[in-house]
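Data first, discussion second: the structure below is written as structure tokens.
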Amino acid sequence: MSLSTLHQDPGEAHADITSHDTFVRFVPHATFARMRREEPVAWVEESDGEGFWALTKHADISVASRDFRRFTASRGIRIEQMAPDELEARRTMMEFDPPEHARLRRLVQPGFTPKVVATYESAFRTLAGQVLDRVLPLGEFDFVTEIARELPIRLLCRLLGVPETDAQQLVAWGDQMISNADPEYTPVVIDKMDTEEYRLLPFRSPAALEVFRYAEEMALERRSNPADDIVTALLTAEPDGQPLTDLEFKNFFTLMMVAGNETTRHTISHGLIYLLDHRDQLEQLRDDPARLSAPATEEILRSSSVTMHFRRTATEDVVLRGRTIRSGDRVVMWYPSANHDEEVFDSPFTFDIRRQPNDHLTFGTGRHVCLGASLARLEVRVVFEELLRRVAAIEITGPPDRLRSNFINGIKHLPVRVTTV
Ligand code: HEM
């Protein structure tokens with residue numbers, strides 16, 4: 001593989017999508033393409049479990065995401081089976097169906113509407129400018145650790161009301177949790193060690209204990225000094241006439257921190273690789289950001305599909321494309337596959353910053369559609385606008401280092417060389 005062709009390797013047609021190792025080299029697009037063609041509703045055996053249904057078509061994933069009566073989120077949203085006590089201890093708004101889900105989502109929704117998010121733009125642009133002005137003069141550096149990993153967490157800290165001086169620590173905990181299958185980030189690798197001791201914690205990760213302690217301290221602080229931030233909103237809210245319990249608050253805090261940081265950062269890293277793989281489009285974007293930034297952001301989001309799946313559970317027998325999904329079966333929705341579905345996208349493997357329409361499912365759809373979609377869009381757009389204004393030349397100097405995960409399509413390191421304008 002040449003340095004810049006990471007996204008052009010579709011892998012083999014029969015890759016094991018249950019294995020984190022499969023995703024270390026590439027997203028197995030050849031496998032997803034075969035599944036869309038031959039078995040779009042496929043029963044996938046697990047080595048140590050019962051198996052699950054894999055949905056790979058855009059239309060089916062849309063149905064499963066929207067039809068919460070037949071496909072519930074309340075029995076877990078990751079592939080893993082969860083015992084009832086685990087589920088209860090780790091439940092966030094993601095694992096509720098309507099109407100309970102709406103009551104929780106309403107607590108944080110106001111800070112994430114497109115209109116409100118637009119007001120964060122100038123602060124984020126300043127933040128991005130500061131980081132870029134510090135890092136770009138280095139000439140050679142790791143784009144992930146210096147830029148992509150730095151930015152989303154800083155904005156998130158401001159929204160949550162967390163001191164920015166704690167950003168690095170929060171990212172490190174977030175890495176340990178969401179990247180719990182990669183030994184670079186965590187000593188407790190989820191599929192290689194006994195994680196029984198941590199089964200009641202988010203991501204079965206001991207780092208969650210640290211985040212919980214941090215959230216407790218934040219709660220104490222904000223109870224005596226309320227502010228205009230998400231932590232205060234969560235602490236003062238009474239969704240059912242009752243405040244959130246301590247555990248609900250801590251799980252909510254952890255969700256916001258992890259969901260709002262890890263995903264966007266990997267999207268930014270993929271975006272750079274895609275643009276460098278298509279230098280003509282990079283130059284067009286640089287020349288006309290006013291017209292191309294927004295569609296380029298959508299194409300980066302579609303092509304990278306950083307969150308690779310979420311799960312639902314059938315509440316009754318459902319026949320889909322002739323296959324009978326039994327009540328209680330797990331149903332896993334593979335977003336990278338939906339986003340490359342030939343029935344929805346012309347030339348799906350062509351990266352095209354002018355693609356129109358671009359009805360990708362990177363943020364899911366239905367009631368659980370990503371709360372932070374507008375924020376993520378803003379961050380990706382602004383980072384590339386500010387970066388391209390400042391660099392005359394940029395190249396990748398070593399192979400991108402991929403995350404070991406079948407959940408997050410992540411880039412851990414991306415060495416680059418830049419010349420500033
Ligand atoms: C490119 C970046 C992002 C990607 C790819 C992404 C992906 C997703 C997806 C696919 C879902 C749907 C889950 C489901 O249907 O079960 C989701 C939900 C969610 N996302 Fe994002 N997300 C991103 C950025 C963010 C940001 C910046 C935040 C901000 C805080 C955020 C917070 C959330 C929350 C809280 C939910 C749960 C919503 C609910 O259950 O109603 N995400 N995200």
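Chain labels run A, B, ... following the order of the structure tokens; each chain numbers its residues from 1, and ligands are numbered from 1 in the order shown.
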query = Please, which residues of stretch 191-324 of chain A, numbered as in this document, come out helix (DSSP H, G or I) from DSSP, as a count of residues only?
reply = 86
key: Contacts with ligand 1 at most 6 Å, only C-alpha atoms and all ligand atoms counted, listed as an NGL selection string   = :A and (65 or 93-94 or 105 or 256 or 259-260 or 263-264 or 267 or 305-307 or 310 or 362-364 or 367-373 or 375-376)
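Considering only C-alpha atoms, the residue among A:Arg381, A:His58, A:Arg75, A:Arg302 positioned nearest to A:Glu88 is A:Arg75.
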For stretch 74-164 of chain A versus stretch 271-280 of chain A, which residues have an atom no more than 12 Å away, and what is each residue's nearest atom pair and distance in Å rounded to one decimal, using only C-alpha atoms, chain-then-number order, as a tab-separated table?
```
residue	atom	partner	partner_atom	distance
A:Phe143	CA	A:Leu272	CA	9.0
A:Val144	CA	A:Leu272	CA	10.2
A:Ile147	CA	A:Leu272	CA	11.2
A:Ala148	CA	A:Leu272	CA	9.8
```
request  = Write out as a list of chain:residue names the residues lying within 9 Å of A:Val421, counting only C-alpha atoms and excluding same-chain residues fewer than 3 positions away.
outcome  =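 The contact residues come out as A:Arg389, A:Arg390, A:Val391, A:Ala392, A:Ala393.
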Would you mind exporting the chosen residues as an mmCIF file, in the first residue's frame, restricted to C-alpha atoms?
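Saved result, out.cif, follows:
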```
data_model
loop_
_atom_site.group_PDB
_atom_site.id
_atom_site.type_symbol
_atom_site.label_atom_id
_atom_site.label_comp_id
_atom_site.auth_asym_id
_atom_site.auth_seq_id
_atom_site.Cartn_x
_atom_site.Cartn_y
_atom_site.Cartn_z
ATOM 1 C CA ARG A 389 -5.640 28.829 4.545
ATOM 2 C CA ARG A 390 -2.367 28.265 6.347
ATOM 3 C CA VAL A 391 -0.544 25.503 4.451
ATOM 4 C CA ALA A 392 1.154 25.800 1.084
ATOM 5 C CA ALA A 393 1.971 22.096 0.940
#
```
inquiry  = Show me, as number ranges by chain, the residues that have an atom within 9 Å of A:Leu235 when counting only C-alpha atoms, minus same-chain residues fewer than 5 positions from it.
reply    = A: 219, 222-223, 230, 243-244, 249
Residues from the last selection, C-alpha atoms, saved as a short mmCIF file (atom, residue, chain, number, x, y, z; two decimals), in the first residue's frame:
```cif
data_model
loop_
_atom_site.label_atom_id
_atom_site.label_comp_id
_atom_site.auth_asym_id
_atom_site.auth_seq_id
_atom_site.Cartn_x
_atom_site.Cartn_y
_atom_site.Cartn_z
CA ALA A 219 -21.13 18.02 40.31
CA ARG A 222 -21.42 23.20 39.97
CA ARG A 223 -23.99 22.65 42.69
CA ILE A 230 -24.28 21.30 30.18
CA PRO A 243 -33.44 15.03 39.40
CA LEU A 244 -31.12 12.56 37.73
CA PHE A 249 -25.61 11.95 35.89
#
```
message = When you look at A:Leu132 with a cut-off of 9 Å (counting only C-alpha atoms), what residues show up, excluding the ones that are within fewer than 2 positions of it in the same chain? I need them as JSON, numbers by chain.
response = {"A": [127, 128, 129, 130, 134, 135, 136, 137, 146, 147, 386, 387, 390]}
key: Picked from stretch 205-317 of chain A by DSSP as strand (DSSP E), as a PyMOL selection string   = chain A and resi 309-314
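The shortest atom-to-atom distance to A:His270, with only C-alpha atoms taken into account, belongs to A:Ser303 out of A:Ser62, A:Thr165, A:Ser303, A:Thr245.
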query = For A:Thr126, which of A:Glu379, A:Val162, A:Thr92, A:Gly49 is the closest residue, counting only C-alpha atoms?
reply = A:Glu379
note = Counting only C-alpha atoms, closest pick from A:Leu200, A:Ala118, A:Val189, A:Arg70 relative to A:Glu86 is A:Leu200
